[in-house]
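Asker: Data file final.pdb (PDB, C-alpha atoms and all ligand atoms) is appended below.
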```pdb
ATOM      1  CA  MET A  43      81.950 103.038 101.592
ATOM      2  CA  GLU A  44      79.124 102.835 103.977
ATOM      3  CA  ASN A  45      80.542 105.208 106.516
ATOM      4  CA  MET A  46      80.582 107.965 103.928
ATOM      5  CA  GLU A  47      76.844 107.952 104.069
ATOM      6  CA  ASN A  48      77.016 108.881 107.662
ATOM      7  CA  LEU A  49      80.010 111.107 107.403
ATOM      8  CA  THR A  50      79.564 114.284 109.275
ATOM      9  CA  LEU A  51      81.779 117.209 109.855
ATOM     10  CA  LYS A  52      83.878 116.127 112.689
ATOM     11  CA  GLU A  53      86.987 117.064 114.420
ATOM     12  CA  PRO A  54      89.768 114.903 115.727
ATOM     13  CA  THR A  55      89.708 113.030 118.922
ATOM     14  CA  THR A  56      91.650 114.832 121.574
ATOM     15  CA  ILE A  57      95.167 113.552 121.573
ATOM     16  CA  LYS A  58      98.398 114.918 122.873
ATOM     17  CA  PRO A  59     101.792 114.427 121.331
ATOM     18  CA  ASP A  60     104.842 113.659 123.421
ATOM     19  CA  THR A  61     106.407 116.815 122.153
ATOM     20  CA  ASP A  62     105.157 119.689 120.078
ATOM     21  CA  THR A  63     107.673 118.979 117.390
ATOM     22  CA  ASN A  64     106.668 115.445 116.626
ATOM     23  CA  THR A  65     104.158 114.441 114.059
ATOM     24  CA  ILE A  66     101.551 112.138 115.437
ATOM     25  CA  THR A  67      98.701 110.292 113.906
ATOM     26  CA  LYS A  68      95.069 110.349 114.662
ATOM     27  CA  THR A  69      92.389 108.121 113.385
ATOM     28  CA  THR A  70      88.791 108.433 114.248
ATOM     29  CA  THR A  71      86.923 111.567 115.019
ATOM     30  CA  GLU A  72      84.184 112.761 117.249
ATOM     31  CA  ASP A  73      81.035 114.661 116.606
ATOM     32  CA  THR A  74      81.359 118.348 116.974
ATOM     33  CA  GLN A  75      79.304 121.464 116.883
ATOM     34  CA  ILE A  76      79.899 122.115 113.212
ATOM     35  CA  LYS A  77      77.811 119.204 112.050
ATOM     36  CA  PRO A  78      75.538 120.577 109.342
ATOM     37  CA  LYS A  79      71.872 119.782 109.107
ATOM     38  CA  GLY A  80      71.265 116.623 107.192
ATOM     39  CA  SER A  81      74.865 115.638 107.301
ATOM     40  CA  ASN A  82      74.416 112.475 105.287
ATOM     41  CA  ILE A  83      76.932 113.365 102.650
ATOM     42  CA  ASN A  84      75.754 111.095  99.897
ATOM     43  CA  ASN A  85      72.161 112.143 100.288
ATOM     44  CA  ASN A  86      73.153 115.776 100.209
ATOM     45  CA  LEU A  87      75.333 115.405  97.181
ATOM     46  CA  LYS A  88      73.191 115.916  94.103
ATOM     47  CA  THR A  89      75.716 114.461  91.739
ATOM     48  CA  THR A  90      79.177 113.067  92.147
ATOM     49  CA  VAL A  91      80.077 114.523  88.741
ATOM     50  CA  GLY A  92      80.851 117.756  90.555
ATOM     51  CA  VAL A  93      83.624 115.925  92.352
ATOM     52  CA  LEU A  94      85.657 115.733  89.151
ATOM     53  CA  GLU A  95      85.185 119.462  88.630
ATOM     54  CA  ASN A  96      86.363 120.062  92.150
ATOM     55  CA  VAL A  97      89.423 117.905  91.533
ATOM     56  CA  LYS A  98      90.314 120.118  88.562
ATOM     57  CA  GLU A  99      89.862 123.324  90.519
ATOM     58  CA  ASP A 100      91.447 122.178  93.745
ATOM     59  CA  GLN A 101      94.540 124.146  94.697
ATOM     60  CA  SER A 102      95.565 122.147  97.741
ATOM     61  CA  TRP A 103      98.741 120.081  97.825
ATOM     62  CA  LEU A 104      96.593 117.049  97.083
ATOM     63  CA  SER A 105      96.109 118.417  93.576
ATOM     64  CA  ASP A 106      99.838 117.881  92.970
ATOM     65  CA  LEU A 107      99.683 114.163  93.720
ATOM     66  CA  LYS A 108     100.059 111.691  90.879
ATOM     67  CA  LEU A 109      96.834 109.800  91.369
ATOM     68  CA  HIS A 110      94.949 107.150  89.492
ATOM     69  CA  SER A 111      91.901 108.504  87.657
ATOM     70  CA  PHE A 112      88.797 109.113  89.747
ATOM     71  CA  ASP A 113      86.509 108.648  86.747
ATOM     72  CA  HIS A 114      85.340 105.171  87.712
ATOM     73  CA  MET A 115      84.471 106.337  91.231
ATOM     74  CA  ILE A 116      81.729 108.638  89.999
ATOM     75  CA  ASP A 117      79.418 105.836  88.959
ATOM     76  CA  ILE A 118      79.975 103.565  91.923
ATOM     77  CA  GLY A 119      76.760 103.595  93.883
ATOM     78  CA  ARG A 120      76.005 101.338  96.757
ATOM     79  CA  THR A 121      77.266  98.010  95.584
ATOM     80  CA  LEU A 122      77.401  94.508  96.963
ATOM     81  CA  CYS A 123      80.885  93.536  98.018
ATOM     82  CA  ARG A 124      81.807  90.565  95.856
ATOM     83  CA  LYS A 125      83.279  88.774  98.855
ATOM     84  CA  CYS A 126      80.936  89.393 101.785
ATOM     85  CA  ASP A 127      77.782  90.493  99.950
ATOM     86  CA  LYS A 128      77.338  93.530 102.156
ATOM     87  CA  LYS A 129      76.263  96.746 100.517
ATOM     88  CA  ARG A 130      79.084  99.238 100.591
ATOM     89  CA  LYS A 131      80.221 102.312  98.768
ATOM     90  CA  TYR A 132      83.592 102.840  97.034
ATOM     91  CA  PHE A 133      85.196  99.963  98.929
ATOM     92  CA  CYS A 134      84.350  97.325 101.507
ATOM     93  CA  TYR A 135      86.074  98.171 104.756
ATOM     94  CA  ASP A 136      85.627  94.631 106.068
ATOM     95  CA  CYS A 137      87.175  92.892 103.079
ATOM     96  CA  CYS A 138      89.401  95.819 102.058
ATOM     97  CA  LEU A 139      88.366  95.360  98.458
ATOM     98  CA  PRO A 140      87.555  98.150  96.030
ATOM     99  CA  LEU A 141      84.039  98.129  94.647
ATOM    100  CA  GLY A 142      83.202  98.529  90.999
ATOM    101  CA  ASP A 143      85.581  97.182  88.392
ATOM    102  CA  PRO A 144      88.714  96.133  90.290
ATOM    103  CA  GLU A 145      90.734  96.640  87.114
ATOM    104  CA  LYS A 146      89.973 100.351  87.308
ATOM    105  CA  SER A 147      91.084 100.697  90.918
ATOM    106  CA  PRO A 148      94.604 101.791  91.820
ATOM    107  CA  LYS A 149      97.015  99.124  92.971
ATOM    108  CA  LEU A 150     100.322  99.587  94.708
ATOM    109  CA  LYS A 151     103.258  97.384  95.585
ATOM    110  CA  LEU A 152     104.918  98.625  98.749
ATOM    111  CA  PRO A 153     108.650  98.149  99.330
ATOM    112  CA  LEU A 154     108.120  97.147 102.971
ATOM    113  CA  ASN A 155     105.461  95.024 104.542
ATOM    114  CA  VAL A 156     103.017  97.001 106.692
ATOM    115  CA  ASP A 157     101.243  95.998 109.869
ATOM    116  CA  VAL A 158      98.611  98.397 111.135
ATOM    117  CA  ILE A 159      98.087  97.739 114.822
ATOM    118  CA  HIS A 160      94.468  98.552 115.287
ATOM    119  CA  HIS A 161      92.991  99.433 118.652
ATOM    120  CA  PRO A 162      89.529  97.891 119.103
ATOM    121  CA  THR A 163      87.875 101.174 120.090
ATOM    122  CA  GLU A 164      88.621 102.641 116.675
ATOM    123  CA  LEU A 165      85.792 102.102 114.219
ATOM    124  CA  ILE A 166      87.190 100.204 111.289
ATOM    125  CA  SER A 167      84.574 101.864 109.084
ATOM    126  CA  LYS A 168      86.228 105.204 109.809
ATOM    127  CA  SER A 169      89.787 104.030 109.550
ATOM    128  CA  THR A 170      91.877 105.886 107.013
ATOM    129  CA  ALA A 171      94.592 103.241 107.296
ATOM    130  CA  ILE A 172      92.160 100.899 105.545
ATOM    131  CA  HIS A 173      92.844 102.893 102.371
ATOM    132  CA  SER A 174      96.369 101.500 102.338
ATOM    133  CA  LYS A 175      95.106  97.925 102.370
ATOM    134  CA  VAL A 176      92.552  98.623  99.650
ATOM    135  CA  VAL A 177      95.292  99.831  97.289
ATOM    136  CA  ALA A 178      98.105  97.553  98.510
ATOM    137  CA  PHE A 179      96.199  94.511  99.686
ATOM    138  CA  GLU A 180      99.120  92.081  99.647
ATOM    139  CA  ASP A 181     101.470  94.323 101.580
ATOM    140  CA  VAL A 182      99.249  95.551 104.411
ATOM    141  CA  ASN A 183      97.944  93.573 107.379
ATOM    142  CA  PHE A 184      95.611  94.734 110.077
ATOM    143  CA  ILE A 185      96.587  93.443 113.508
ATOM    144  CA  GLU A 186      93.988  93.620 116.243
ATOM    145  CA  PHE A 187      95.346  94.799 119.550
ATOM    146  CA  PRO A 188      96.167  93.098 121.807
ATOM    147  CA  GLU A 189      95.389  89.508 120.911
ATOM    148  CA  ASP A 190      96.814  89.334 117.404
ATOM    149  CA  ILE A 191     100.221  90.904 117.924
ATOM    150  CA  PRO A 192     102.787  88.401 116.660
ATOM    151  CA  ASP A 193     106.387  87.907 117.681
ATOM    152  CA  TYR A 194     108.272  90.408 115.556
ATOM    153  CA  ASN A 195     111.849  90.084 114.419
ATOM    154  CA  LEU A 196     113.456  93.061 116.136
ATOM    155  CA  ASP A 197     116.170  93.366 113.496
ATOM    156  CA  GLU A 198     113.722  93.529 110.619
ATOM    157  CA  THR A 199     110.939  95.643 112.079
ATOM    158  CA  ILE A 200     110.465  99.334 112.786
ATOM    159  CA  LEU A 201     107.545 101.169 114.312
ATOM    160  CA  LEU A 202     106.354 104.611 113.321
ATOM    161  CA  TYR A 203     105.914 106.398 116.587
ATOM    162  CA  PRO A 204     107.079 109.900 117.378
ATOM    163  CA  SER A 205     109.040 110.307 120.532
ATOM    164  CA  GLU A 206     112.267 111.925 121.535
ATOM    165  CA  ASP A 207     114.022 108.591 121.084
ATOM    166  CA  SER A 208     112.652 107.979 117.599
ATOM    167  CA  CYS A 209     114.968 108.328 114.611
ATOM    168  CA  PHE A 210     113.960 110.171 111.493
ATOM    169  CA  VAL A 211     113.252 107.978 108.499
ATOM    170  CA  LYS A 212     116.078 109.590 106.574
ATOM    171  CA  ASP A 213     118.559 108.491 109.259
ATOM    172  CA  ILE A 214     117.574 104.813 109.311
ATOM    173  CA  ASP A 215     119.649 102.027 107.771
ATOM    174  CA  PHE A 216     116.974 100.054 105.948
ATOM    175  CA  SER A 217     119.195  97.267 104.683
ATOM    176  CA  ASN A 218     117.657  94.675 107.037
ATOM    177  CA  ILE A 219     114.231  96.214 107.496
ATOM    178  CA  LYS A 220     111.318  94.264 106.058
ATOM    179  CA  LYS A 221     108.332  95.481 108.022
ATOM    180  CA  VAL A 222     107.008  98.771 109.341
ATOM    181  CA  LEU A 223     104.327  99.014 112.004
ATOM    182  CA  PHE A 224     101.776 101.801 112.286
ATOM    183  CA  VAL A 225      99.500 102.316 115.250
ATOM    184  CA  GLU A 226      95.905 103.261 114.648
ATOM    185  CA  SER A 227      94.440 104.486 117.879
ATOM    186  CA  GLN A 228      93.823 107.543 119.943
ATOM    187  CA  TRP A 229      96.897 108.925 121.555
ATOM    188  CA  HIS A 230      96.292 107.602 125.045
ATOM    189  CA  ASN A 231      95.625 104.145 123.630
ATOM    190  CA  ALA A 232      98.744 104.343 121.497
ATOM    191  CA  ARG A 233     100.781 104.514 124.661
ATOM    192  CA  LYS A 234      99.093 101.371 125.945
ATOM    193  CA  ILE A 235      99.855  99.643 122.678
ATOM    194  CA  LEU A 236     103.489 100.671 122.881
ATOM    195  CA  LYS A 237     103.754  98.976 126.264
ATOM    196  CA  HIS A 238     102.732  95.595 124.886
ATOM    197  CA  PRO A 239     105.477  93.066 125.687
ATOM    198  CA  LYS A 240     105.775  91.923 122.092
ATOM    199  CA  LEU A 241     106.527  95.460 120.907
ATOM    200  CA  GLN A 242     109.386  96.054 123.312
ATOM    201  CA  GLY A 243     112.740  96.603 121.673
ATOM    202  CA  ILE A 244     111.361  97.561 118.267
ATOM    203  CA  LYS A 245     113.112 100.601 116.859
ATOM    204  CA  CYS A 246     110.857 103.643 116.636
ATOM    205  CA  VAL A 247     111.022 106.025 113.707
ATOM    206  CA  LYS A 248     109.340 109.308 112.928
ATOM    207  CA  ILE A 249     108.650 111.299 109.819
ATOM    208  CA  ASP A 250     109.471 114.941 109.340
ATOM    209  CA  MET A 251     106.681 117.097 110.555
ATOM    210  CA  GLN A 252     104.166 117.583 107.832
ATOM    211  CA  LYS A 253     101.193 119.812 107.773
ATOM    212  CA  THR A 254      97.964 117.939 107.552
ATOM    213  CA  MET A 255      95.216 118.982 105.239
ATOM    214  CA  PHE A 256      92.794 116.763 107.051
ATOM    215  CA  TRP A 257      89.516 118.139 105.873
ATOM    216  CA  ARG A 258      87.764 118.396 109.142
ATOM    217  CA  HIS A 259      88.086 121.390 111.320
ATOM    218  CA  GLN A 260      90.596 120.734 114.003
ATOM    219  CA  ARG A 261      91.843 122.568 116.964
ATOM    220  CA  HIS A 262      95.055 120.734 117.590
ATOM    221  CA  GLY A 263      97.271 122.292 114.998
ATOM    222  CA  ASP A 264      98.581 121.170 111.670
ATOM    223  CA  SER A 265     100.905 118.435 112.833
ATOM    224  CA  TYR A 266      98.179 115.905 113.522
ATOM    225  CA  LEU A 267      97.997 113.488 110.665
ATOM    226  CA  ALA A 268      95.375 111.020 109.642
ATOM    227  CA  THR A 269      96.899 107.550 109.763
ATOM    228  CA  ILE A 270      96.883 107.243 105.981
ATOM    229  CA  GLU A 271      98.777 110.521 105.730
ATOM    230  CA  ALA A 272     101.419 109.145 108.092
ATOM    231  CA  ILE A 273     101.685 105.960 106.024
ATOM    232  CA  TYR A 274     102.001 108.025 102.851
ATOM    233  CA  TYR A 275     104.653 110.343 104.277
ATOM    234  CA  PHE A 276     106.593 107.395 105.643
ATOM    235  CA  PHE A 277     106.811 105.723 102.241
ATOM    236  CA  LYS A 278     107.581 108.994 100.506
ATOM    237  CA  GLU A 279     110.441 109.636 102.921
ATOM    238  CA  PHE A 280     111.561 106.014 102.645
ATOM    239  CA  HIS A 281     111.686 106.346  98.855
ATOM    240  CA  LEU A 282     113.594 109.623  99.065
ATOM    241  CA  SER A 283     116.123 108.011 101.388
ATOM    242  CA  GLN A 284     116.669 105.095  99.015
ATOM    243  CA  ASN A 285     116.718 107.013  95.743
ATOM    244  CA  ASN A 286     119.081 109.958  96.088
ATOM    245  CA  ASN A 287     116.315 112.218  97.285
ATOM    246  CA  GLN A 288     114.231 111.640  94.186
ATOM    247  CA  TYR A 289     110.496 111.061  94.420
ATOM    248  CA  ASN A 290     108.069 111.028  91.518
ATOM    249  CA  GLY A 291     104.768 110.161  93.094
ATOM    250  CA  GLU A 292     105.464 106.440  93.404
ATOM    251  CA  TYR A 293     103.280 106.080  96.503
ATOM    252  CA  ASP A 294     100.830 108.907  95.945
ATOM    253  CA  ASN A 295      97.977 106.469  95.400
ATOM    254  CA  LEU A 296      98.071 105.675  99.087
ATOM    255  CA  LEU A 297      96.110 108.937  99.227
ATOM    256  CA  PHE A 298      93.759 108.022  96.381
ATOM    257  CA  TYR A 299      90.663 107.487  98.546
ATOM    258  CA  TYR A 300      91.668 110.202 100.967
ATOM    259  CA  THR A 301      91.870 112.745  98.147
ATOM    260  CA  PHE A 302      88.624 111.545  96.615
ATOM    261  CA  PHE A 303      86.761 111.957  99.893
ATOM    262  CA  TYR A 304      88.336 115.349 100.424
ATOM    263  CA  ASN A 305      86.978 116.481  97.071
ATOM    264  CA  LEU A 306      83.654 114.781  97.708
ATOM    265  CA  ILE A 307      83.221 116.736 100.907
ATOM    266  CA  GLN A 308      84.284 120.016  99.321
ATOM    267  CA  THR A 309      81.797 119.422  96.544
ATOM    268  CA  THR A 310      79.056 118.753  99.040
ATOM    269  CA  TYR A 311      79.750 122.045 100.744
ATOM    270  CA  LYS A 312      79.673 123.911  97.483
ATOM    271  CA  GLN A 313      76.367 122.321  96.579
ATOM    272  CA  GLN A 314      75.001 123.376  99.897
ATOM    273  CA  ASN A 315      76.320 126.893  99.306
ATOM    274  CA  ARG A 316      78.378 126.579 102.374
ATOM    275  CA  ASP A 317      81.852 127.861 102.733
ATOM    276  CA  PHE A 318      84.250 125.074 103.168
ATOM    277  CA  ILE A 319      85.312 125.306 106.755
ATOM    278  CA  ARG A 320      88.997 125.787 106.908
ATOM    279  CA  LYS A 321      91.444 127.652 108.965
ATOM    280  CA  ASP A 322      94.431 129.688 107.942
ATOM    281  CA  ASN A 323      97.207 127.519 106.568
ATOM    282  CA  TYR A 324      94.887 124.568 106.804
ATOM    283  CA  ILE A 325      95.537 123.662 103.212
ATOM    284  CA  GLN A 326      98.948 124.222 101.776
TER
HETATM  285 ZN    ZN A 401      83.177  92.826 101.878
END
```
What is this file in structure tokens?
Answerer:
Amino acid sequence: MENMENLTLKEPTTIKPDTDTNTITKTTTEDTQIKPKGSNINNNLKTTVGVLENVKEDQSWLSDLKLHSFDHMIDIGRTLCRKCDKKRKYFCYDCCLPLGDPEKSPKLKLPLNVDVIHHPTELISKSTAIHSKVVAFEDVNFIEFPEDIPDYNLDETILLYPSEDSCFVKDIDFSNIKKVLFVESQWHNARKILKHPKLQGIKCVKIDMQKTMFWRHQRHGDSYLATIEAIYYFFKEFHLSQNNNQYNGEYDNLLFYYTFFYNLIQTTYKQQNRDFIRKDNYIQ
């Protein structure tokens, strides 16, 4: 993943929710004052082996996820994408293909088709929603706003967007629903996207507020989710609603890359003898 080489400590783009009680998503981040010297994470990291140790010691809620093994990730250096021949790390964000042995990479089948409506100002190399396509390639489509938005079937489509009019996932009748849309953009752009004529009349849903463990320092509170977190929570809540409130990690691998990068960054801090920057209640 090439962007990991340039990953710096960042904080979220300034975004404002419609209400304080709604979970919203954020995507890309901006440079901030806490960028460490030499913030090229892969150069700073002496060995990725420490990542596995960190995974074992991690006490965050991510440690409770049922995830595919990270073992194969440790040896993946910069590798040519087998489709586009560009050098990437961990996965190719253009082709949405995992690097290394594809047989060792997690794969998911999602119960609903996903469209991620991607705003052009968001760097695709920093998209967390990409993780969902890497693990569930067949079920996730990236739609470039505004030109690629198709005509959606209003009866079969829902849109994850928190507003006062949105219904909670647990209250939705999913019998006719085949597709769920997620918006990947900054908040002010999300509102522009929502005004697109082809998105009018689509039922909006929201997930219960969840605390984010997004690894970067943030000043906006715990209810701001990375897009991949929102996708994960949606499918977890969808599964709960369809299975008598039972969930056994069926969609946890949506957070496979997210959790790996979280541990990678923690490991980097430890190797730099830095305290991992966190705030109270930042990690559950
Ligand atoms: Zn590629």
Asker: Just give me the gap between CA of Val91 (chain A) and CA of Phe302 (chain A) in Å, one decimal is fine.
Answerer: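 Taking CA of Val91 (chain A) as the start and CA of Phe302 (chain A) as the end point, the length is 12.0 Å.
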Asker: Can you work out which residues are within 6 Å of ligand ZN 401 (chain A), considering all atoms listed in the file, and then hand them over as a list of chain:residue names?
Answerer: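 Based on all atoms listed in the file, ligand ZN 401 (chain A) is surrounded within 6 Å by A:Cys123, A:Lys125, A:Cys126, A:Lys128, A:Cys134, A:Asp136, A:Cys137.
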Asker: Counting all atoms listed in the file, what is within 8 Å of Ser174 (chain A), bar same-chain residues fewer than 3 positions away, as a list in words?
Answerer: Thr170, Ala171, Val177, Ala178, Phe179, Val182, Ile270, Ile273 and Leu296 of chain A
Asker: When you look at Lys240 (chain A) with a cut-off of 12 Å (counting all atoms listed in the file), what residues show up, excluding the ones that are within fewer than 5 positions of it in the same chain? I need them as a VMD selection string.
Answerer: chain A and resid 187 to 196 199 235
Asker: To one decimal in Å, tell me the separation between CA of Asp197 (chain A) and CA of Asn231 (chain A).
Answerer: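 CA of Asn231 (chain A) lies 25.3 Å from CA of Asp197 (chain A).
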